[in-house]
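One file, model25.cif, is given below (mmCIF, C-alpha atoms and all ligand atoms).
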data_model
#
loop_
_atom_site.label_atom_id
_atom_site.label_comp_id
_atom_site.auth_asym_id
_atom_site.auth_seq_id
_atom_site.Cartn_x
_atom_site.Cartn_y
_atom_site.Cartn_z
CA MET A 21 -24.11 13.33 6.53
CA ALA A 22 -22.35 12.55 3.28
CA ARG A 23 -19.91 9.69 3.22
CA ALA A 24 -16.68 9.51 1.23
CA ALA A 25 -17.04 7.06 -1.65
CA ILE A 26 -14.28 5.76 -3.86
CA THR A 27 -15.46 6.76 -7.34
CA ALA A 28 -12.40 5.66 -9.35
CA VAL A 29 -9.21 3.71 -8.85
CA ALA A 30 -5.99 3.54 -10.86
CA GLY A 31 -2.41 2.38 -10.56
CA TYR A 32 1.02 2.40 -12.07
CA LEU A 33 3.89 -0.09 -12.12
CA PRO A 34 7.30 0.49 -13.70
CA ASP A 35 7.84 -1.58 -16.87
CA ASN A 36 10.93 -3.41 -15.64
CA ILE A 37 10.04 -6.81 -14.16
CA VAL A 38 12.51 -8.76 -11.97
CA THR A 39 11.62 -12.42 -11.41
CA ASN A 40 12.76 -14.73 -8.62
CA PHE A 41 14.99 -16.40 -11.21
CA ASP A 42 16.65 -13.05 -11.93
CA LEU A 43 17.36 -12.68 -8.19
CA GLU A 44 18.83 -16.20 -8.07
CA LYS A 45 21.60 -14.81 -10.28
CA ILE A 46 22.62 -12.02 -7.87
CA ILE A 47 22.04 -13.43 -4.37
CA ASP A 48 21.99 -16.80 -2.61
CA THR A 49 18.27 -17.60 -2.96
CA THR A 50 15.88 -19.78 -4.92
CA ASP A 51 12.53 -19.31 -6.59
CA GLU A 52 11.30 -22.17 -4.38
CA TRP A 53 12.31 -20.39 -1.14
CA ILE A 54 10.78 -17.05 -2.13
CA THR A 55 7.56 -18.58 -3.43
CA SER A 56 6.97 -20.89 -0.48
CA ARG A 57 7.91 -18.33 2.22
CA THR A 58 6.23 -15.25 0.72
CA GLY A 59 4.06 -16.07 -2.32
CA ILE A 60 6.07 -13.66 -4.50
CA LYS A 61 7.12 -14.66 -8.05
CA GLN A 62 8.17 -11.31 -9.48
CA ARG A 63 8.21 -7.57 -8.75
CA HIS A 64 8.38 -4.35 -10.82
CA LEU A 65 11.50 -2.27 -10.13
CA GLU A 66 12.15 1.16 -11.67
CA ASN A 67 15.47 1.08 -13.48
CA ASP A 68 15.52 4.67 -14.70
CA PRO A 69 17.59 6.64 -12.15
CA LYS A 70 15.83 9.86 -13.19
CA LYS A 71 12.43 8.56 -12.06
CA ALA A 72 11.18 8.84 -8.50
CA THR A 73 8.07 8.13 -6.44
CA SER A 74 6.31 11.31 -7.63
CA ASP A 75 6.55 10.07 -11.24
CA MET A 76 4.71 6.87 -10.37
CA CYS A 77 2.07 8.90 -8.52
CA VAL A 78 1.63 11.20 -11.51
CA GLU A 79 0.98 8.27 -13.86
CA ALA A 80 -1.54 6.74 -11.45
CA VAL A 81 -3.41 10.02 -10.87
CA LYS A 82 -3.42 10.89 -14.60
CA LEU A 83 -5.17 7.59 -15.28
CA LEU A 84 -7.49 8.18 -12.32
CA CYS A 85 -8.59 11.55 -13.75
CA LYS A 86 -9.01 10.07 -17.22
CA LYS A 87 -11.16 7.24 -15.91
CA ARG A 88 -13.41 9.58 -13.92
CA GLY A 89 -13.46 12.20 -16.69
CA ILE A 90 -12.12 15.03 -14.56
CA THR A 91 -9.19 17.42 -14.95
CA PRO A 92 -6.41 17.74 -12.35
CA GLU A 93 -7.65 21.30 -11.65
CA GLU A 94 -10.78 19.79 -10.13
CA ILE A 95 -8.81 18.01 -7.38
CA ASP A 96 -9.19 19.79 -4.00
CA MET A 97 -6.63 17.82 -2.06
CA LEU A 98 -4.05 15.09 -2.65
CA ILE A 99 -2.50 12.94 0.09
CA VAL A 100 0.46 10.64 -0.64
CA GLY A 101 1.19 7.76 1.72
CA THR A 102 4.86 6.95 1.23
CA VAL A 103 8.15 6.19 2.99
CA THR A 104 10.14 6.81 -0.17
CA PRO A 105 9.41 10.47 -0.90
CA ASP A 106 11.46 12.13 -3.67
CA TYR A 107 12.97 14.45 -1.02
CA VAL A 108 12.79 14.90 2.75
CA PHE A 109 11.08 18.13 1.70
CA PRO A 110 9.16 19.39 -0.19
CA SER A 111 6.48 16.75 0.04
CA THR A 112 5.85 14.32 -2.78
CA SER A 113 2.24 15.52 -2.77
CA ASN A 114 3.40 19.06 -3.66
CA LEU A 115 5.56 17.74 -6.51
CA VAL A 116 2.79 15.52 -7.86
CA CYS A 117 0.29 18.40 -7.88
CA ALA A 118 2.81 20.61 -9.71
CA LYS A 119 3.60 17.94 -12.33
CA LEU A 120 -0.10 17.23 -12.87
CA GLY A 121 -1.16 20.87 -13.04
CA ALA A 122 -3.46 20.31 -10.04
CA LYS A 123 -3.35 24.03 -9.33
CA ASN A 124 -6.26 24.09 -6.90
CA ALA A 125 -5.08 21.25 -4.71
CA TRP A 126 -3.09 21.23 -1.52
CA GLY A 127 -1.89 18.16 0.31
CA TYR A 128 0.81 16.41 2.20
CA ASP A 129 2.75 13.18 2.59
CA LEU A 130 1.77 10.74 5.26
CA SER A 131 4.41 8.46 6.77
CA ALA A 132 2.87 5.23 8.00
CA ALA A 133 4.82 2.70 5.91
CA CYS A 134 2.59 -0.20 4.83
CA SER A 135 -0.43 1.36 6.54
CA GLY A 136 0.09 4.64 4.66
CA PHE A 137 -2.84 4.12 2.30
CA LEU A 138 -5.27 3.24 5.10
CA TYR A 139 -4.13 6.18 7.22
CA GLY A 140 -4.56 8.40 4.13
CA LEU A 141 -7.97 6.99 3.23
CA SER A 142 -9.24 7.50 6.78
CA THR A 143 -7.80 11.01 7.01
CA GLY A 144 -8.88 12.10 3.53
CA SER A 145 -12.42 10.82 3.97
CA GLN A 146 -12.88 13.28 6.87
CA PHE A 147 -12.50 16.25 4.51
CA ILE A 148 -15.35 14.83 2.41
CA GLU A 149 -17.58 13.93 5.37
CA THR A 150 -17.34 17.43 6.84
CA GLY A 151 -18.46 18.87 3.50
CA ARG A 152 -15.22 20.82 3.11
CA TYR A 153 -14.13 19.19 -0.15
CA LYS A 154 -15.66 17.37 -3.12
CA LYS A 155 -12.64 15.65 -4.67
CA VAL A 156 -9.84 14.19 -2.57
CA VAL A 157 -7.19 11.93 -4.09
CA ILE A 158 -5.43 9.35 -1.91
CA VAL A 159 -2.25 7.84 -3.31
CA GLY A 160 -0.24 4.98 -1.84
CA ALA A 161 3.17 4.82 -3.52
CA ASP A 162 6.62 3.52 -2.79
CA MET A 163 9.77 3.08 -4.81
CA MET A 164 11.20 0.55 -2.38
CA SER A 165 14.06 -0.37 -4.72
CA ARG A 166 15.72 2.96 -3.76
CA ILE A 167 16.06 1.93 -0.10
CA ILE A 168 16.76 -1.78 -0.50
CA ASP A 169 20.19 -3.42 -0.29
CA TYR A 170 20.35 -5.87 -3.20
CA THR A 171 23.02 -7.89 -1.40
CA ASP A 172 20.67 -8.58 1.54
CA ARG A 173 18.61 -11.63 0.62
CA THR A 174 16.32 -11.25 3.64
CA THR A 175 14.82 -7.99 2.35
CA CYS A 176 15.54 -7.64 -1.36
CA VAL A 177 13.32 -10.53 -2.44
CA ILE A 178 10.24 -9.06 -0.78
CA PHE A 179 9.84 -5.51 -1.98
CA GLY A 180 8.69 -3.92 -5.24
CA ASP A 181 7.87 -0.50 -6.69
CA GLY A 182 4.36 0.72 -7.48
CA ALA A 183 1.65 3.29 -6.94
CA GLY A 184 -2.12 3.13 -6.58
CA ALA A 185 -4.62 5.98 -6.30
CA VAL A 186 -8.29 6.44 -5.49
CA LEU A 187 -10.64 9.39 -5.88
CA LEU A 188 -12.94 10.19 -2.95
CA GLU A 189 -16.19 12.04 -3.59
CA PRO A 190 -19.26 12.65 -1.40
CA THR A 191 -22.21 10.31 -1.59
CA THR A 192 -25.53 10.10 0.22
CA ASP A 193 -26.01 6.48 -0.88
CA ASP A 194 -25.39 3.72 1.64
CA CYS A 195 -21.77 3.17 0.60
CA GLY A 196 -18.25 4.56 0.96
CA VAL A 197 -15.86 4.57 3.90
CA MET A 198 -18.09 3.17 6.66
CA ASP A 199 -15.61 2.77 9.52
CA PHE A 200 -11.94 2.55 10.39
CA MET A 201 -9.77 1.32 13.25
CA LEU A 202 -6.16 2.49 13.23
CA PHE A 203 -3.30 1.82 15.62
CA ALA A 204 0.37 2.64 16.12
CA ASP A 205 3.17 1.47 18.40
CA GLY A 206 6.48 3.25 17.98
CA ASN A 207 8.23 0.51 19.95
CA GLY A 208 8.07 -1.49 16.73
CA CYS A 209 10.84 0.75 15.38
CA THR A 210 13.39 -1.68 16.82
CA HIS A 211 12.33 -4.36 14.36
CA LEU A 212 11.74 -2.35 11.18
CA HIS A 213 13.32 0.96 10.27
CA MET A 214 15.88 2.80 8.15
CA LYS A 215 18.84 3.76 10.30
CA ALA A 216 20.07 6.93 8.58
CA GLY A 217 18.93 9.84 6.47
CA GLY A 218 16.87 11.52 9.19
CA SER A 219 17.81 13.97 11.95
CA LEU A 220 19.19 11.21 14.20
CA ASN A 221 21.78 9.94 11.74
CA PRO A 222 22.08 12.42 8.88
CA ALA A 223 23.85 11.19 5.77
CA SER A 224 27.63 10.99 6.17
CA HIS A 225 30.45 8.89 4.73
CA GLU A 226 30.06 6.67 7.76
CA THR A 227 26.32 6.08 7.27
CA VAL A 228 26.89 5.22 3.64
CA ASP A 229 29.85 2.92 4.38
CA ASN A 230 27.79 1.13 7.05
CA LYS A 231 24.82 0.65 4.68
CA MET A 232 22.53 2.61 6.99
CA HIS A 233 20.32 4.01 4.22
CA TYR A 234 18.58 0.71 3.57
CA VAL A 235 15.56 -1.03 5.08
CA TYR A 236 16.49 -2.87 8.27
CA GLN A 237 14.00 -5.62 9.11
CA GLU A 238 13.93 -8.41 11.69
CA GLY A 239 11.63 -10.56 9.59
CA GLN A 240 10.41 -13.05 12.16
CA ALA A 241 9.54 -10.44 14.80
CA VAL A 242 7.66 -8.36 12.23
CA PHE A 243 5.93 -11.50 10.94
CA LYS A 244 4.62 -12.42 14.41
CA HIS A 245 3.25 -8.93 15.11
CA ALA A 246 1.77 -8.71 11.60
CA VAL A 247 -0.05 -12.02 11.79
CA TYR A 248 -1.57 -11.23 15.18
CA ASN A 249 -2.49 -7.58 14.65
CA MET A 250 -3.74 -7.72 11.07
CA ALA A 251 -5.93 -10.73 11.83
CA GLU A 252 -7.20 -9.21 15.08
CA VAL A 253 -8.10 -5.78 13.70
CA SER A 254 -9.81 -7.32 10.65
CA ALA A 255 -11.97 -9.53 12.88
CA LYS A 256 -12.68 -6.62 15.28
CA ILE A 257 -13.90 -4.23 12.58
CA MET A 258 -16.25 -6.97 11.32
CA GLU A 259 -17.62 -7.46 14.81
CA LYS A 260 -18.01 -3.73 15.41
CA ASN A 261 -20.05 -3.39 12.21
CA ASN A 262 -22.09 -6.59 12.63
CA LEU A 263 -20.45 -8.15 9.58
CA THR A 264 -20.14 -11.91 9.19
CA ALA A 265 -18.05 -14.18 6.99
CA GLU A 266 -21.12 -14.37 4.73
CA THR A 267 -21.73 -10.62 4.44
CA VAL A 268 -18.07 -9.72 3.84
CA LYS A 269 -17.49 -9.90 0.09
CA TRP A 270 -13.76 -9.18 -0.09
CA LEU A 271 -10.60 -8.85 1.95
CA ALA A 272 -8.03 -6.44 0.53
CA ALA A 273 -5.04 -6.99 2.82
CA HIS A 274 -1.58 -5.47 2.62
CA GLN A 275 0.54 -7.74 0.42
CA ALA A 276 3.61 -8.41 2.58
CA ASN A 277 3.51 -12.17 2.79
CA LYS A 278 0.89 -14.66 1.57
CA ARG A 279 1.13 -16.49 4.90
CA ILE A 280 0.10 -13.32 6.82
CA ILE A 281 -2.84 -12.76 4.44
CA ASP A 282 -3.98 -16.39 4.77
CA ALA A 283 -3.87 -16.13 8.57
CA THR A 284 -5.99 -12.96 8.43
CA ALA A 285 -8.58 -14.60 6.16
CA SER A 286 -8.69 -17.62 8.44
CA ARG A 287 -9.27 -15.45 11.56
CA MET A 288 -12.12 -13.70 9.68
CA GLY A 289 -13.54 -17.09 8.71
CA ILE A 290 -13.61 -16.26 4.98
CA GLY A 291 -12.59 -18.50 2.08
CA SER A 292 -9.75 -17.81 -0.34
CA GLU A 293 -12.26 -16.85 -3.08
CA LYS A 294 -12.89 -13.63 -1.14
CA VAL A 295 -9.22 -12.74 -0.71
CA MET A 296 -7.74 -10.26 -3.18
CA MET A 297 -4.19 -11.30 -4.01
CA ASN A 298 -1.55 -9.93 -6.37
CA ILE A 299 1.61 -10.39 -4.27
CA GLU A 300 2.87 -12.95 -6.78
CA ARG A 301 3.16 -10.23 -9.46
CA TYR A 302 4.10 -7.09 -7.53
CA GLY A 303 5.72 -8.18 -4.25
CA ASN A 304 5.40 -5.77 -1.33
CA THR A 305 4.99 -2.22 -2.66
CA THR A 306 4.51 -0.87 0.91
CA ALA A 307 1.84 1.91 0.71
CA GLY A 308 0.99 0.85 -2.84
CA THR A 309 -0.39 -2.63 -2.15
CA ILE A 310 -4.01 -1.93 -1.19
CA PRO A 311 -4.93 0.58 -3.94
CA LEU A 312 -3.18 -1.69 -6.44
CA LEU A 313 -5.40 -4.57 -5.26
CA LEU A 314 -8.53 -2.44 -5.72
CA TRP A 315 -7.31 -1.49 -9.20
CA ASP A 316 -6.69 -5.11 -10.17
CA TYR A 317 -10.04 -6.34 -8.82
CA GLU A 318 -12.12 -3.30 -9.84
CA LYS A 319 -13.91 -5.12 -12.67
CA GLN A 320 -15.19 -7.77 -10.26
CA LEU A 321 -16.53 -5.31 -7.68
CA LYS A 322 -20.22 -4.44 -7.34
CA LYS A 323 -21.99 -1.53 -5.70
CA GLY A 324 -22.69 -2.45 -2.07
CA ASP A 325 -19.90 -5.04 -1.74
CA ASN A 326 -18.58 -5.08 1.82
CA ILE A 327 -14.80 -4.89 1.66
CA ILE A 328 -12.38 -5.09 4.59
CA LEU A 329 -9.06 -3.36 3.92
CA SER A 330 -6.31 -4.17 6.41
CA ALA A 331 -2.63 -3.48 6.81
CA PHE A 332 0.35 -3.85 9.10
CA GLY A 333 3.78 -2.32 8.74
CA GLY A 334 6.64 -0.17 9.91
CA GLY A 335 6.04 1.97 12.99
CA PHE A 336 4.53 -0.38 13.92
CA THR A 337 1.33 0.87 12.31
CA TRP A 338 -1.73 -1.19 11.58
CA GLY A 339 -5.44 -0.98 11.07
CA ALA A 340 -8.51 -1.82 9.03
CA VAL A 341 -11.08 0.11 7.02
CA TYR A 342 -14.62 -1.08 6.32
CA LEU A 343 -15.54 0.05 2.84
CA LYS A 344 -18.81 -0.38 0.98
CA TRP A 345 -18.00 -0.27 -2.72
CA ALA A 346 -19.79 2.50 -4.64
CA TYR A 347 -20.05 1.37 -8.27
CA ASP A 348 -20.31 -1.63 -10.57
CA GLY A 349 -17.36 -2.85 -12.60
CA SER A 350 -14.63 -0.73 -14.10
CA VAL A 351 -15.23 3.01 -14.45
CA SER A 352 -13.95 3.05 -18.01
CA GLY A 353 -11.76 -0.01 -18.45
CA LYS A 354 -8.13 -0.46 -17.55
O1 LIG B 401 5.39 -4.91 4.86
C1 LIG B 401 6.14 -4.53 5.98
C2 LIG B 401 6.03 -5.53 7.06
N1 LIG B 401 6.86 -6.64 6.75
C3 LIG B 401 6.39 -7.89 6.84
O2 LIG B 401 5.24 -8.09 7.12
C4 LIG B 401 7.39 -9.01 6.67
C5 LIG B 401 7.19 -10.06 7.74
N2 LIG B 401 8.19 -11.10 7.68
C6 LIG B 401 8.20 -12.05 6.72
O3 LIG B 401 7.41 -12.01 5.80
C7 LIG B 401 9.17 -13.17 6.83
O4 LIG B 401 9.75 -13.17 8.12
C8 LIG B 401 10.29 -13.16 5.76
C9 LIG B 401 9.71 -13.46 4.39
C10 LIG B 401 10.99 -11.82 5.75
C11 LIG B 401 11.32 -14.24 6.08
O5 LIG B 401 10.70 -15.50 6.14
P1 LIG B 401 10.92 -16.45 7.40
O6 LIG B 401 10.15 -17.65 7.15
O7 LIG B 401 10.57 -15.66 8.63
O8 LIG B 401 12.45 -16.76 7.32
P2 LIG B 401 13.57 -16.55 8.43
O9 LIG B 401 13.93 -15.11 8.54
O10 LIG B 401 13.15 -17.27 9.66
O11 LIG B 401 14.77 -17.32 7.77
C12 LIG B 401 14.76 -18.76 7.62
C13 LIG B 401 15.99 -19.17 6.87
C14 LIG B 401 17.28 -18.57 7.43
O12 LIG B 401 18.30 -19.54 7.31
P3 LIG B 401 18.76 -20.40 8.56
O13 LIG B 401 19.24 -19.41 9.58
O14 LIG B 401 17.56 -21.17 9.00
O15 LIG B 401 19.85 -21.26 7.99
C15 LIG B 401 17.56 -17.43 6.50
O16 LIG B 401 18.93 -17.11 6.43
O17 LIG B 401 15.91 -18.73 5.52
C16 LIG B 401 17.09 -17.99 5.19
N3 LIG B 401 16.73 -16.97 4.21
C17 LIG B 401 16.72 -17.19 2.89
N4 LIG B 401 17.02 -18.29 2.15
C18 LIG B 401 16.90 -18.19 0.82
C19 LIG B 401 16.35 -15.69 4.44
N5 LIG B 401 16.10 -15.08 3.27
C20 LIG B 401 16.32 -15.99 2.30
C21 LIG B 401 16.24 -15.94 0.89
N6 LIG B 401 16.53 -17.07 0.20
N7 LIG B 401 15.85 -14.84 0.23
#

Represent the structure of the file as structure tokens.
Ligand code: UT7
Amino acid sequence: MARAAITAVAGYLPDNIVTNFDLEKIIDTTDEWITSRTGIKQRHLENDPKKATSDMCVEAVKLLCKKRGITPEEIDMLIVGTVTPDYVFPSTSNLVCAKLGAKNAWGYDLSAACSGFLYGLSTGSQFIETGRYKKVVIVGADMMSRIIDYTDRTTCVIFGDGAGAVLLEPTTDDCGVMDFMLFADGNGCTHLHMKAGGSLNPASHETVDNKMHYVYQEGQAVFKHAVYNMAEVSAKIMEKNNLTAETVKWLAAHQANKRIIDATASRMGIGSEKVMMNIERYGNTTAGTIPLLLWDYEKQLKKGDNIILSAFGGGFTWGAVYLKWAYDGSVSGK
């Protein structure tokens, strides 16, 4: 049976950078608080009101195609993990394919918040493993700035905008998506959700006046569940696949809070040299964090490297993917 291998990775971040010092000017916070509690120093936020999540996806996938030397017409399927789609419908995936000229692709959006990329990677890899398709693109992208209240210091310091994309192709080598463990618990909705804009509370003057179109998060409750579940699932997938702290080369964990990532690494027994980290530059880009990590670390990766990807987020959703990297270094430079 063929496995699904990642054969290229790319990303996109809006040009506009907002530092912790910039936020000090608009809300009651400090660079010291944000850095020590989260690890974040800056984030990229799209400031062009005409741009949306699909535009970030398009840039990431254009670069992906260029790096792999393929045309968008060669893509069979494109899945976008996002909670900030351009519209409720049509799907962002449909818009991205149209903008790219990916005429032969179909696809859909997948709503799993911070676990969106891992859900997408696991789902998309099935279409390769069954032999149905040869080129499946998985995008994780969120324009969080469009659903964040910039007067709420408990959420606005954390999130950023960004998109990352990978290309999945079949391989018969001993590499690719080796295993995944995914979970969901809708009871977590209480602690992390957006109150309006769906069928329960459609947009009205009242929902706007009551600021119901923004992320609502009970930080401490989410933190506790994230630390436990992300650490636990990362350790469990290692155990299930007979991996040890020595044989795991990298941890690519969702970038929500440096303290959650450190706790996960500690539970896995791995040192900080194996932990991919870019939260300081991008903040929490929700579905974007893991592919953006792979993009940033691509040059350091070697064929056969055992990588654990893990995430926790809104839903609650969480899980881990065991990936064996499929190529050496950067496909064609960044
Ligand atoms: O990716 C999706 C999943 N999300 C997550 O994984 C996020 C998980 N949660 C967290 O990362 C953390 O809970 C936060 C970073 C959101 C908050 O950190 P915390 O250490 O849990 O802080 P806290 O909510 O317990 O607040 C501690 C204090 C409070 O003040 P008092 O009540 O002790 O006087 C807050 O009002 O810090 C205050 N505070 C701030 N102070 C300065 C909250 N936000 C800020 C801020 N600047 N931005």

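Among the candidates A:Gly335, A:Gly206, A:Gly239, A:Gly289, the one nearest to ligand LIG 401 (chain B) when counting only C-alpha atoms and all ligand atoms is A:Gly239.
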
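What separates CA of His64 (chain A) from CA of Tyr317 (chain A) is a distance of 18.6 Å.
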
Could you list as an mmCIF file with C-alpha atoms, in the coordinates of the input every residue that has an atom within 10 Å of (3.8, 16.5, -4.8), using the file's coordinates and counting only C-alpha atoms?
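And here's out_11.cif as it stands now:
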data_model
loop_
_atom_site.group_PDB
_atom_site.id
_atom_site.type_symbol
_atom_site.label_atom_id
_atom_site.label_comp_id
_atom_site.auth_asym_id
_atom_site.auth_seq_id
_atom_site.Cartn_x
_atom_site.Cartn_y
_atom_site.Cartn_z
ATOM 1 C CA THR A 73 8.070 8.130 -6.440
ATOM 2 C CA SER A 74 6.310 11.310 -7.630
ATOM 3 C CA ASP A 75 6.550 10.070 -11.240
ATOM 4 C CA CYS A 77 2.070 8.900 -8.520
ATOM 5 C CA VAL A 78 1.630 11.200 -11.510
ATOM 6 C CA LEU A 98 -4.050 15.090 -2.650
ATOM 7 C CA ILE A 99 -2.500 12.940 0.090
ATOM 8 C CA VAL A 100 0.460 10.640 -0.640
ATOM 9 C CA PRO A 105 9.410 10.470 -0.900
ATOM 10 C CA ASP A 106 11.460 12.130 -3.670
ATOM 11 C CA PHE A 109 11.080 18.130 1.700
ATOM 12 C CA PRO A 110 9.160 19.390 -0.190
ATOM 13 C CA SER A 111 6.480 16.750 0.040
ATOM 14 C CA THR A 112 5.850 14.320 -2.780
ATOM 15 C CA SER A 113 2.240 15.520 -2.770
ATOM 16 C CA ASN A 114 3.400 19.060 -3.660
ATOM 17 C CA LEU A 115 5.560 17.740 -6.510
ATOM 18 C CA VAL A 116 2.790 15.520 -7.860
ATOM 19 C CA CYS A 117 0.290 18.400 -7.880
ATOM 20 C CA ALA A 118 2.810 20.610 -9.710
ATOM 21 C CA LYS A 119 3.600 17.940 -12.330
ATOM 22 C CA LEU A 120 -0.100 17.230 -12.870
ATOM 23 C CA ALA A 122 -3.460 20.310 -10.040
ATOM 24 C CA TRP A 126 -3.090 21.230 -1.520
ATOM 25 C CA GLY A 127 -1.890 18.160 0.310
ATOM 26 C CA TYR A 128 0.810 16.410 2.200
ATOM 27 C CA ASP A 129 2.750 13.180 2.590
#

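Between CA of Ile158 (chain A) and CA of Lys87 (chain A) lies a distance of 15.3 Å.
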
Nearest to ligand LIG 401 (chain B), chosen from A:Leu212, A:Val29, A:Val81, A:Met164, with all atoms listed in the file counted in the distances | A:Leu212

Selection: 12 Å around region 247-254 of chain A, only C-alpha atoms, excl. self and same-chain fewer than 6 positions, as a ChimeraX atom specification | /A:134-135,199-205,239-241,260-261,263-265,268,270-290,327-333,336-342

How close does chain A get to ligand LIG 401 (chain B)? List, as a Markdown table, each residue of chain A within 7 Å, its nearest atom pair and the distance in Å to one decimal, counting all atoms listed in the file.
| residue | atom | partner | partner_atom | distance |
| --- | --- | --- | --- | --- |
| A:Asp48 | CA | B:LIG401 | N6 | 6.1 |
| A:Thr49 | CA | B:LIG401 | N6 | 3.6 |
| A:Thr50 | CA | B:LIG401 | N6 | 5.8 |
| A:Trp53 | CA | B:LIG401 | C18 | 5.5 |
| A:Ile54 | CA | B:LIG401 | N7 | 6.0 |
| A:Arg57 | CA | B:LIG401 | O6 | 5.5 |
| A:Thr58 | CA | B:LIG401 | C9 | 5.4 |
| A:Cys134 | CA | B:LIG401 | O1 | 5.5 |
| A:Arg173 | CA | B:LIG401 | N7 | 4.3 |
| A:Thr174 | CA | B:LIG401 | N5 | 3.9 |
| A:Thr175 | CA | B:LIG401 | C10 | 6.4 |
| A:Val177 | CA | B:LIG401 | N7 | 5.7 |
| A:Ile178 | CA | B:LIG401 | C9 | 6.8 |
| A:Gly239 | CA | B:LIG401 | O4 | 3.5 |
| A:Gln240 | CA | B:LIG401 | O4 | 4.1 |
| A:Val242 | CA | B:LIG401 | C5 | 4.8 |
| A:Phe243 | CA | B:LIG401 | C5 | 3.7 |
| A:Ala246 | CA | B:LIG401 | O2 | 5.7 |
| A:Ala276 | CA | B:LIG401 | O1 | 4.5 |
| A:Asn277 | CA | B:LIG401 | O3 | 4.9 |
| A:Asn304 | CA | B:LIG401 | O1 | 6.2 |
| A:Thr306 | CA | B:LIG401 | O1 | 5.7 |
| A:Phe332 | CA | B:LIG401 | C2 | 6.3 |
| A:Gly333 | CA | B:LIG401 | C1 | 4.3 |
| A:Gly334 | CA | B:LIG401 | C1 | 5.9 |

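Proximity to Thr102 (chain A) was assessed for A:Gly160, A:Gly89, A:Gly59, A:Gly151 counting all atoms listed in the file; the smallest distance is recorded for A:Gly160.
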
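The space between CA of Glu44 (chain A) and CA of Tyr170 (chain A) spans 11.5 Å.
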
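Residue nearest Ile257 (chain A), chosen from A:Leu141, A:Met198, A:Ala72, A:Leu130 and counting only C-alpha atoms: A:Met198.
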
With 3 Å added on each side, what axis-aligned box encloses every listed atom of region 29-46 of chain A? Give the centre and edge lengths in Å to one decimal, as lines of an AutoDock Vina configuration file.
center_x = 6.7
center_y = -6.3
center_z = -12.4
size_x = 37.8
size_y = 26.1
size_z = 15.0

For Glu149 (chain A), please output as a short mmCIF file (atom, residue, chain, number, x, y, z; two decimals) with C-alpha atoms, in the coordinates of the input all residues within 12 Å (counting all atoms listed in the file; exclusion window: fewer than 3 positions along the same chain).
data_model
loop_
_atom_site.label_atom_id
_atom_site.label_comp_id
_atom_site.auth_asym_id
_atom_site.auth_seq_id
_atom_site.Cartn_x
_atom_site.Cartn_y
_atom_site.Cartn_z
CA MET A 21 -24.11 13.33 6.53
CA ALA A 22 -22.35 12.55 3.28
CA ARG A 23 -19.91 9.69 3.22
CA ALA A 24 -16.68 9.51 1.23
CA ALA A 25 -17.04 7.06 -1.65
CA SER A 142 -9.24 7.50 6.78
CA THR A 143 -7.80 11.01 7.01
CA GLY A 144 -8.88 12.10 3.53
CA SER A 145 -12.42 10.82 3.97
CA GLN A 146 -12.88 13.28 6.87
CA ARG A 152 -15.22 20.82 3.11
CA TYR A 153 -14.13 19.19 -0.15
CA LYS A 154 -15.66 17.37 -3.12
CA LYS A 155 -12.64 15.65 -4.67
CA VAL A 156 -9.84 14.19 -2.57
CA LEU A 188 -12.94 10.19 -2.95
CA GLU A 189 -16.19 12.04 -3.59
CA PRO A 190 -19.26 12.65 -1.40
CA THR A 191 -22.21 10.31 -1.59
CA THR A 192 -25.53 10.10 0.22
CA GLY A 196 -18.25 4.56 0.96
CA VAL A 197 -15.86 4.57 3.90
CA MET A 198 -18.09 3.17 6.66
#

In terms of the shortest atom-to-atom distance over all atoms listed in the file, which of A:His225, A:Lys82, A:Lys244, A:His211 is closest to Ala185 (chain A)?
-> A:Lys82

Please work out which residues fall within 12 Å of (25.6, -0.1, 6.5), coordinates as given in the file, with all atoms listed in the file counting, and return them as a compact mmCIF listing (two decimals) with C-alpha atoms, in the frame of the given file.
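Result written to part17.txt:
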# COMPACT_ATOMS: atom_id res chain seq x y z
CA ILE A 167 16.06 1.93 -0.10
CA ILE A 168 16.76 -1.78 -0.50
CA ASP A 169 20.19 -3.42 -0.29
CA THR A 171 23.02 -7.89 -1.40
CA ASP A 172 20.67 -8.58 1.54
CA MET A 214 15.88 2.80 8.15
CA LYS A 215 18.84 3.76 10.30
CA ALA A 216 20.07 6.93 8.58
CA GLY A 217 18.93 9.84 6.47
CA ASN A 221 21.78 9.94 11.74
CA ALA A 223 23.85 11.19 5.77
CA SER A 224 27.63 10.99 6.17
CA HIS A 225 30.45 8.89 4.73
CA GLU A 226 30.06 6.67 7.76
CA THR A 227 26.32 6.08 7.27
CA VAL A 228 26.89 5.22 3.64
CA ASP A 229 29.85 2.92 4.38
CA ASN A 230 27.79 1.13 7.05
CA LYS A 231 24.82 0.65 4.68
CA MET A 232 22.53 2.61 6.99
CA HIS A 233 20.32 4.01 4.22
CA TYR A 234 18.58 0.71 3.57
CA VAL A 235 15.56 -1.03 5.08
CA TYR A 236 16.49 -2.87 8.27

Nearest candidate to Phe179 (chain A) (options A:Leu43, A:Met163, A:Met296, A:Ile148; using all atoms listed in the file) | A:Met163

Please provide the set of residues having any atom within 6 Å of Ala161 (chain A), restricted to all atoms listed in the file, with same-chain residues fewer than 3 positions apart removed, written as a PyMOL selection string.
-> chain A and resi 102+182-183+307-308
